[in-house]
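Trainee: Just passing along the structure, written as structure tokens.
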Amino acid sequence: MANIVFVSGCFNLLHPGHVYFLNKAKEFGDILVVAIADDNITKHKRVPIINHKQRKYMIKNLKCVDYVISEENEMPPENIKTIVKNLLPDIWVTIEDNPNLASYQKIARENNIEFIILERNNEGIFNISTTEIIERLSL
């Protein structure tokens, strides 16, 4: 039986750090499902520069990604709770500085899902963030 791996994020201004994260997540299972956030990111950070439909297209066309879904319009952690209860992945992968880490761990425990936290790769071509790109462009 295939293992389903779940990740979520905004993936605004897709960059090497995102690709690294998705490739690492795929190593934990057979099927990688990526949830693309939108409304909740707008409320917490900024309006995404690349629209939702375009980000879904880019992520869907990465070799490591099998399925892309849209996060619900609810705010975290409710949006993810809905997806996880419907998807029931075997493994949930996130990054160490996810602001919803504690609530996501709780949801994973409640649904008997293995929860894996990846360290941010701060070396070489992977040492980049969307915020950093936007700040460079604003100079």
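Starting from 1 in every chain, residues are counted up; chains themselves are A, B, ... following the order of the structure tokens, and ligands are numbered from 1 as listed.
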List every residue of region 39-109 of chain A that has an atom at most 12 Å from any atom of region 13-30 of chain A, and for each one report the closest atom pair and its distance in Å to one decimal, counting only C-alpha atoms, with rows sorted by chain and then by increasing residue number, as a tab-separated table.
Mentor:
```
residue	atom	partner	partner_atom	distance
A:Val47	CA	A:Leu13	CA	11.6
A:Pro48	CA	A:Leu13	CA	8.1
A:Ile49	CA	A:Leu13	CA	7.0
A:Ile50	CA	A:Leu13	CA	6.5
A:Asn51	CA	A:Leu13	CA	9.8
A:His52	CA	A:Leu13	CA	11.1
A:Gln54	CA	A:Leu13	CA	10.3
A:Arg55	CA	A:Leu14	CA	7.8
A:Lys56	CA	A:Leu14	CA	10.7
A:Tyr57	CA	A:Leu14	CA	11.2
A:Met58	CA	A:Leu14	CA	8.0
A:Ile59	CA	A:Leu14	CA	8.3
A:Lys60	CA	A:Leu22	CA	11.3
A:Asn61	CA	A:Val19	CA	11.4
A:Leu62	CA	A:Val19	CA	8.1
A:Lys63	CA	A:Asn23	CA	8.7
A:Cys64	CA	A:Asn23	CA	5.9
A:Val65	CA	A:Leu22	CA	7.5
A:Asp66	CA	A:Asp30	CA	9.0
A:Tyr67	CA	A:Asp30	CA	11.6
A:Val68	CA	A:Leu22	CA	11.9
A:Pro89	CA	A:Gly29	CA	10.0
A:Asp90	CA	A:Gly29	CA	8.4
A:Ile91	CA	A:Phe28	CA	7.5
A:Trp92	CA	A:Ala25	CA	8.5
A:Val93	CA	A:Ala25	CA	6.1
A:Thr94	CA	A:Ala25	CA	8.3
A:Ile95	CA	A:Phe21	CA	8.0
A:Glu96	CA	A:Phe21	CA	11.2
```
Trainee: Using DSSP assignments from the backbone, pull out every residue in region 31-108 of chain A that falls under strand (DSSP E) and give it to me as a ChimeraX atom specification.
Mentor: /A:31-36,67-70,91-95
Trainee: I need the residues from that last selection saved to file as a CSV table (one decimal), in the first residue's frame (with C-alpha atoms), if you can.
Mentor:
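New file part.csv:
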```
chain,number,residue,atom,x,y,z
A,31,ILE,CA,2.5,10.0,-3.0
A,32,LEU,CA,3.1,13.7,-2.2
A,33,VAL,CA,0.0,15.8,-1.7
A,34,VAL,CA,0.6,19.6,-1.4
A,35,ALA,CA,-2.0,22.0,-0.1
A,36,ILE,CA,-1.6,25.5,-1.4
A,67,TYR,CA,-1.4,16.0,-6.2
A,68,VAL,CA,-2.1,19.7,-5.4
A,69,ILE,CA,-5.2,20.8,-3.5
A,70,SER,CA,-6.3,24.2,-2.2
A,91,ILE,CA,2.9,11.2,7.1
A,92,TRP,CA,2.7,15.0,7.5
A,93,VAL,CA,5.9,17.0,6.9
A,94,THR,CA,6.5,20.6,7.8
A,95,ILE,CA,9.3,23.0,8.4
```
Trainee: Under the rule that only C-alpha atoms are counted, which of A:Val84, A:Asn98, A:Lys106, A:Glu78 is the nearest residue to Gly9 (chain A)?
Mentor: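 Under the stated criterion, the closest residue is A:Asn98.
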Trainee: What's the separation between CA of Gly124 (chain A) and CA of Gln105 (chain A), in Å to one decimal place?
Mentor: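 Interatomic distance here is 29.4 Å.
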Trainee: So how far away is CA of Ala108 (chain A) from CA of Phe11 (chain A), in Å?
Mentor: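 That distance, rounded to one decimal, is 21.9 Å.
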Trainee: Could you check how far CA of Asp97 (chain A) sits from CA of Thr131 (chain A), in Å to one decimal?
Mentor: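 Distance between the two atoms: 13.8 Å.
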Trainee: Name the residues of chain A that come out as helix (DSSP H, G or I) in a backbone DSSP run; write them as number ranges by chain.
Mentor: A: 16-26, 39-44, 52-60, 78-87, 101-110, 124-126, 130-138
Trainee: Would you mind telling me which residue in A:Leu88, A:Ala37, A:Pro77, A:Ile134 lies nearest to Leu101 (chain A) when using only C-alpha atoms?
Mentor: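 Checking each of A:Leu88, A:Ala37, A:Pro77, A:Ile134 against Leu101 (chain A), counting only C-alpha atoms, the winner is A:Pro77.
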Trainee: Here is a test: counting only C-alpha atoms, which residue of A:Ala102, A:Ile107, A:Arg120, A:Asn3 is nearest to Lys81 (chain A)?
Mentor: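 Using only C-alpha atoms, Lys81 (chain A) sits closest to A:Ile107.
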Trainee: Could you check the closest approach to Lys85 (chain A) for each of A:Phe6, A:Asp38, A:Met1, A:Leu118 and tell me which residue wins, using only C-alpha atoms?
Mentor: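 Once distances to Lys85 (chain A) are computed over only C-alpha atoms, the minimum belongs to A:Phe6.
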Trainee: For Asn111 (chain A), which residue out of A:Thr82, A:Ile128, A:Ile133, A:Glu123 is the nearest one, using only C-alpha atoms?
Mentor: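 Ranking A:Thr82, A:Ile128, A:Ile133, A:Glu123 by distance to Asn111 (chain A), first place goes to A:Thr82.
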